[in-house]
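Okay, structure first, notes after.
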Amino acid sequence: MTDLILLEDEPVLAQELGEFLEESGYRTQTVTTLAAFEQCFDTQRHHLAIIDLGLPDGDGLQLIRRLRQSGHRLGIVVLTARDTTPERIAGLGEGADHYLGKGCDLDELAAVLDSLKRRLDLDRDEQPWRLDVGPRRLLVPGAGPVRLSQQDLLVLQCLMQRAPENVSRQAIIEALGEDFLGYDQRRLDTQMRRLRRNIEAFSGHALPVKTLRNAGYCFYATAVINT
């Protein structure tokens, strides 16, 4: 899972972005000021940053300038209300990799981050998640095995055998042996929330499943299935 630091001083937006980023597969640390960013930023851990510009204690452009001058290998996305063409040019000139205006579609933000991950080759050394179908267990990298219910096994098998492709809600529901048209899809949402909680509770790791809003899910980590 890729570590990301989010610098955003609006509490509601910070919470919304933090939840979205966690669901999209990023271990996210949220800070609200330049000083907090400087204190919390870890060059060994944080590989991506989302930075607002208008902050209580200064301008995010100054931070971006310092980060680039220090030579950190860091993917930087500006997310700001300052969205005119001259401001975009200034942000990219200071070293931002991408410049987005607040109010952009969150799927666009996710696509930008995925692009940065590929360019920086952040998943190169990632250990695989292993699903043992017979014993009904998930082997989490760096942690012990997690026992699974039959339904959780079917969901994970459906997602992991197609990783890292997007899997539709219909495909998952049919993998559960249910009729898509007669199935209450809220049951799937509830199951996915419970599955995420169980994996994190027993392993200490977040399940690498991205939620595709109103469309389906994606297991984005390296996956191996043992039948």
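The chains in the structure tokens are called A, B, ... from first to last as shown; in each chain the residues are counted from 1, and the ligands are counted from 1 in the order shown.
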| request: Within 10 Å of Leu92 in chain A, counting only C-alpha atoms, which residues show up once you throw out same-chain ones fewer than 5 positions away? Write them as a PyMOL selection string, please. | output: chain A and resi 61+64+76-78+87+97-99
| request: Would you please give, as number ranges by chain, all residues of range 48-153 of chain A that DSSP assigns to helix (DSSP H, G or I) based on the backbone? | output: A: 60-70, 85-94, 106-120, 150-153
Grab the residues selected above and save them as a compact mmCIF listing (two decimals), in the first residue's frame with N, CA and C atoms.
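Written out: part29.txt:
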```txt
# COMPACT_ATOMS: atom_id res chain seq x y z
N GLY A 60 1.41 27.01 -0.30
CA GLY A 60 1.89 25.68 -0.63
C GLY A 60 2.95 25.67 -1.71
N LEU A 61 2.99 26.71 -2.55
CA LEU A 61 4.03 26.77 -3.58
C LEU A 61 5.42 26.83 -2.97
N GLN A 62 5.54 27.49 -1.84
CA GLN A 62 6.84 27.56 -1.17
C GLN A 62 7.27 26.17 -0.70
N LEU A 63 6.32 25.40 -0.22
CA LEU A 63 6.62 24.04 0.21
C LEU A 63 7.07 23.19 -0.98
N ILE A 64 6.36 23.28 -2.08
CA ILE A 64 6.72 22.51 -3.27
C ILE A 64 8.12 22.87 -3.73
N ARG A 65 8.44 24.17 -3.70
CA ARG A 65 9.77 24.62 -4.10
C ARG A 65 10.85 23.99 -3.22
N ARG A 66 10.60 23.97 -1.89
CA ARG A 66 11.59 23.38 -0.98
C ARG A 66 11.74 21.88 -1.19
N LEU A 67 10.62 21.21 -1.42
CA LEU A 67 10.68 19.76 -1.65
C LEU A 67 11.49 19.44 -2.89
N ARG A 68 11.29 20.19 -3.95
CA ARG A 68 12.04 19.94 -5.18
C ARG A 68 13.52 20.31 -5.02
N GLN A 69 13.80 21.38 -4.32
CA GLN A 69 15.19 21.76 -4.11
C GLN A 69 15.96 20.74 -3.28
N SER A 70 15.23 20.04 -2.39
CA SER A 70 15.88 19.04 -1.55
C SER A 70 16.10 17.73 -2.29
N THR A 85 -5.29 29.85 -15.30
CA THR A 85 -4.17 29.37 -16.13
C THR A 85 -2.82 29.87 -15.61
N PRO A 86 -2.67 31.16 -15.26
CA PRO A 86 -1.37 31.60 -14.72
C PRO A 86 -0.98 30.87 -13.44
N GLU A 87 -1.98 30.57 -12.60
CA GLU A 87 -1.67 29.87 -11.35
C GLU A 87 -1.28 28.42 -11.62
N ARG A 88 -1.92 27.80 -12.60
CA ARG A 88 -1.53 26.45 -12.99
C ARG A 88 -0.09 26.43 -13.51
N ILE A 89 0.23 27.39 -14.34
CA ILE A 89 1.58 27.47 -14.90
C ILE A 89 2.60 27.65 -13.79
N ALA A 90 2.27 28.51 -12.81
CA ALA A 90 3.18 28.74 -11.69
C ALA A 90 3.38 27.46 -10.87
N GLY A 91 2.28 26.74 -10.61
CA GLY A 91 2.38 25.52 -9.82
C GLY A 91 3.21 24.45 -10.50
N LEU A 92 2.98 24.26 -11.79
CA LEU A 92 3.77 23.28 -12.53
C LEU A 92 5.22 23.72 -12.65
N GLY A 93 5.42 25.04 -12.76
CA GLY A 93 6.78 25.55 -12.83
C GLY A 93 7.58 25.34 -11.55
N GLU A 94 6.89 25.34 -10.41
CA GLU A 94 7.58 25.11 -9.13
C GLU A 94 7.90 23.63 -8.90
N LEU A 106 -13.48 13.14 -8.27
CA LEU A 106 -12.51 12.37 -7.50
C LEU A 106 -11.93 11.22 -8.29
N ASP A 107 -12.67 10.73 -9.28
CA ASP A 107 -12.11 9.68 -10.13
C ASP A 107 -10.94 10.21 -10.95
N GLU A 108 -10.97 11.49 -11.30
CA GLU A 108 -9.84 12.10 -12.00
C GLU A 108 -8.62 12.15 -11.08
N LEU A 109 -8.85 12.51 -9.82
CA LEU A 109 -7.75 12.51 -8.84
C LEU A 109 -7.16 11.12 -8.71
N ALA A 110 -8.00 10.09 -8.62
CA ALA A 110 -7.52 8.71 -8.51
C ALA A 110 -6.70 8.33 -9.73
N ALA A 111 -7.15 8.74 -10.93
CA ALA A 111 -6.43 8.41 -12.15
C ALA A 111 -5.07 9.10 -12.18
N VAL A 112 -5.01 10.33 -11.71
CA VAL A 112 -3.74 11.07 -11.65
C VAL A 112 -2.77 10.37 -10.70
N LEU A 113 -3.26 9.95 -9.54
CA LEU A 113 -2.39 9.26 -8.58
C LEU A 113 -1.92 7.92 -9.13
N ASP A 114 -2.79 7.18 -9.79
CA ASP A 114 -2.40 5.91 -10.40
C ASP A 114 -1.31 6.13 -11.45
N SER A 115 -1.45 7.19 -12.22
CA SER A 115 -0.44 7.51 -13.24
C SER A 115 0.92 7.82 -12.59
N LEU A 116 0.88 8.57 -11.50
CA LEU A 116 2.13 8.88 -10.79
C LEU A 116 2.77 7.62 -10.21
N LYS A 117 1.94 6.72 -9.66
CA LYS A 117 2.47 5.47 -9.12
C LYS A 117 3.19 4.68 -10.20
N ARG A 118 2.61 4.61 -11.38
CA ARG A 118 3.26 3.87 -12.48
C ARG A 118 4.55 4.54 -12.88
N ARG A 119 4.53 5.87 -12.99
CA ARG A 119 5.73 6.57 -13.43
C ARG A 119 6.87 6.47 -12.42
N LEU A 120 6.52 6.48 -11.14
CA LEU A 120 7.54 6.37 -10.09
C LEU A 120 7.86 4.92 -9.74
N GLN A 150 -17.33 -18.28 3.70
CA GLN A 150 -17.48 -18.73 2.32
C GLN A 150 -17.82 -17.57 1.40
N GLN A 151 -18.68 -16.66 1.84
CA GLN A 151 -19.03 -15.53 0.99
C GLN A 151 -17.84 -14.59 0.78
N ASP A 152 -17.07 -14.34 1.83
CA ASP A 152 -15.89 -13.49 1.67
C ASP A 152 -14.89 -14.13 0.72
N LEU A 153 -14.75 -15.45 0.82
CA LEU A 153 -13.86 -16.17 -0.09
C LEU A 153 -14.30 -15.98 -1.54
```
| field | Nearest candidate to Thr33 in chain A (options A:Leu53, A:Leu122, A:Ala221, A:Val209; using only C-alpha atoms) | value |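 The shortest atom-to-atom distance to Thr33 in chain A comes from A:Leu53.
For the residues A:Val140, A:Ala223, A:Ile199, A:Ala81, ranking by smallest atom-to-atom distance to Pro164 in chain A using only C-alpha atoms places A:Ala223 first.
Take CA of Ile51 in chain A and CA of Leu6 in chain A: the distance between them is 6.2 Å.
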